[in-house]
Amino acid sequence: MLKPRLTKYMVMMLVLMLSISNVGLAAAADKELSKIVVSKNEMSLEVGDSSSVTVTGVYSDNTSANVTISSSWSTSDTSIATVYNGAITAKKEGTATITAAYQGQSQTVQVKVTKKVKALSKNVQSLDLRTGDTKEIILTATYSDNETNNAAASTAEWSTSDEKVATVVNGKVTGQSAGTAVITAKVGSQSVTVDVNVEVVKRVDVDKQQVNLLLNKSESVKVTATYPDGTTKDVTDLAEWTSSNEKVADVLKGEITGYSAGSAKITAKYGTKSVSVDVDVDLTSKLSVEKQSIFFRLSETTKTANVVVTASYPNSSDVNVTDQATWTSSNEKVATVFKGQITAISAGSTTIKATYSGKTVEIAVDVDTARYLDIKDVNDKLAMSVTGDNKSKTLVANAEYIDASTENVTSKATWTSSNPDVVYVSNGDLIAYKSGTATITVAYGGKTVKFTVNVDVADKYEMDKKKHR
């Protein structure tokens with residue numbers, strides 16, 4: 001009895017297995033190769049370098065599989081590029097076509113082989129641009145056979161860290177908006193970077209340090225940007241304005257409006273620099289002065305200035321309270337004050353204050369003292385070399401006074417070098433003697449400016465790159 005049952009069971013299992021096999025064959029027959037896709041259709045390689053390409057088979061049921069090893073590979077020119085299971089090796093300069101074939105389908109990869117670049121150099125360390133201005137970076141590629149190409153910019157891969165600040169096309173960099181960006185150029189396996197400063201200013205100044213307002217009244221302030229070359233620009237409309245307390249006072253393009261009693265700080269930011277204005281809003285009165293800064297020259301015959309202080313009220317006309325105000329000077333050796341008349345005494349700076357009915361206004365007074373000292377066309381760093389045109393430089397020191405007048409004080413200023421053996425300086429004339437770094441200090445009228453001079457010193461990016469090679 002057991003044998004017939006066992007035989008019957010085995011027959012049933014055989015039928016079941018044949019049925020499953022037929023279903024699998026039918027499914028396999030339904031799954032056909034639609035196409036093959038290569039991971040790259042174009043490739044640039046330097047002589048001696050290799051790169052891999054993968055092949056993916058796409059089937060009629062929307063599934064896919066890696067068929068790289070199963071594909072047949074060929075090259076149009078083995079002397080330029082060879083291929084094995086998708087691994088392409090560059091042999092010599094030229095172009096070759098790599099073909100991958102699988103089950104009647106084929107795809108090609110265009111390979112361009114160039115000489116190996118062993119070094120890449122740039123003509124500038126950094127660029128300073130105004131919005132809309134364009135400057136060019138020149139690249140020089142040195143190949144493994146020691147040949148050089150001074151027009152490598154046209155074949156380089158260019159990129160920018162921030163397209164809103166600066167864009168680049170074949171080495172031509174255009175400033176788009178205020179800020180900083182890093183431009184990167186790549187040729188083969190070598191790359192260099194250039195720091196770009198757009199509308200980066202030395203400072204921004206506001207014409208009023210303090211504003212007193214009545215409720216719902218407005219007053220405008222002006223912001224001026226000073227660039228490294230000494231030129232200035234009204235950036236009131238371009239600056240980014242903020243208020244520390246918008247419920248008390250807010251601002252739009254330099255126009256400050258008081259909304260409730262209290263104090264607020266209005267800040268204008270342009271590029272990387274900012275300046276602030278202290279705002280006081282009162283329901284009952286405000287105190288104002290016609291001038292918030294005064295400059296005297298002791299060499300001139302007139303050494304006095306009269307200042308008028310006005311008290312304003314919501315429902316009445318303004319009142320001249322110059323005589324009634326209490327006047328003080330923070331340094332009477334520099335300037336004294338009596339009922340609004342300021343008299344210059346000696347060189348220096350002082351703050352004149354007028355107080356009336358609990359309100360105070362301030363006037364900044366400078367006597368034969370520069371408010372700013374600038375070195376034309378120099379920010380924080382300067383690059384020099386012991387050879388060529390960069391061995392020597394002539395710099396100009398300009399003093400700017402509180403009345404916005406300027407004076408060339410190059411010969412009057414004191415110039416010193418922290419390392420004369422590297423860079424020697426005298427009256428603005430710099431001479432580079434050997435590789436290294438020195439700090440140049442320029443002093444005049446109580447103001448001091450410092451900047452670093454690098455003589456044949458690579459930038460940080462280049463040094464870091466060499467460390468990791």
# chains A, B, ... in the order shown; residues from 1 in each chain; ligands from 1
>>> closest_atom_pairs(of="region 246-314 of chain A", to="region 390-414 of chain A", cutoff="7 Å", atoms="only C-alpha atoms", output="tab-separated table")
residue	atom	partner	partner_atom	distance
A:Ser293	CA	A:Ile402	CA	6.8
A:Ile294	CA	A:Ile402	CA	6.8
A:Phe295	CA	A:Ile402	CA	5.8
>>> write_last_selection(atoms="all heavy atoms", output="short mmCIF file (atom, residue, chain, number, x, y, z; two decimals), in the first residue's frame")
data_model
loop_
_atom_site.label_atom_id
_atom_site.label_comp_id
_atom_site.auth_asym_id
_atom_site.auth_seq_id
_atom_site.Cartn_x
_atom_site.Cartn_y
_atom_site.Cartn_z
N SER A 293 29.34 117.46 14.18
CA SER A 293 30.81 117.36 14.14
C SER A 293 31.39 118.67 13.62
O SER A 293 30.81 119.31 12.73
CB SER A 293 31.25 116.19 13.25
OG SER A 293 30.76 116.36 11.93
N ILE A 294 32.53 119.07 14.20
CA ILE A 294 33.21 120.31 13.81
C ILE A 294 34.70 120.05 13.77
O ILE A 294 35.25 119.34 14.62
CB ILE A 294 32.90 121.45 14.81
CG1 ILE A 294 31.40 121.77 14.79
CG2 ILE A 294 33.70 122.71 14.48
CD1 ILE A 294 30.99 122.80 15.84
N PHE A 295 35.37 120.64 12.77
CA PHE A 295 36.81 120.49 12.62
C PHE A 295 37.47 121.85 12.59
O PHE A 295 37.01 122.77 11.90
CB PHE A 295 37.13 119.72 11.33
CG PHE A 295 38.59 119.63 11.02
CD1 PHE A 295 39.44 118.88 11.83
CD2 PHE A 295 39.13 120.28 9.93
CE1 PHE A 295 40.78 118.79 11.55
CE2 PHE A 295 40.47 120.19 9.64
CZ PHE A 295 41.31 119.44 10.46
#
>>> residues_around(residues="Asn146 (chain A)", least_positions_apart="6", cutoff="10 Å", atoms="only C-alpha atoms", output="PyMOL selection string")
chain A and resi 117-119
>>> residues_around(residues="Arg297 (chain A)", least_positions_apart="4", cutoff="12 Å", atoms="only C-alpha atoms", output="number ranges by chain")
A: 301-305, 334-335, 343-348, 365-370, 401-403, 405
>>> residues_around(residues="Asp250 (chain A)", least_positions_apart="4", cutoff="10 Å", atoms="only C-alpha atoms", output="list in words")
Ser218, Trp241, Thr242, Ser243, Ser244, Asn245, Glu246, Gly254, Glu255, Ile256, Thr257, Gly258, Tyr259, Ala264, Lys265, Ile266 and Val279 of chain A
>>> select_by_dssp(residues="region 292-369 of chain A", states="strand (DSSP E)", output="PyMOL selection string")
chain A and resi 293-296+304-306+309-313+316-320+326-329+335-338+341-344+348-356+359-367
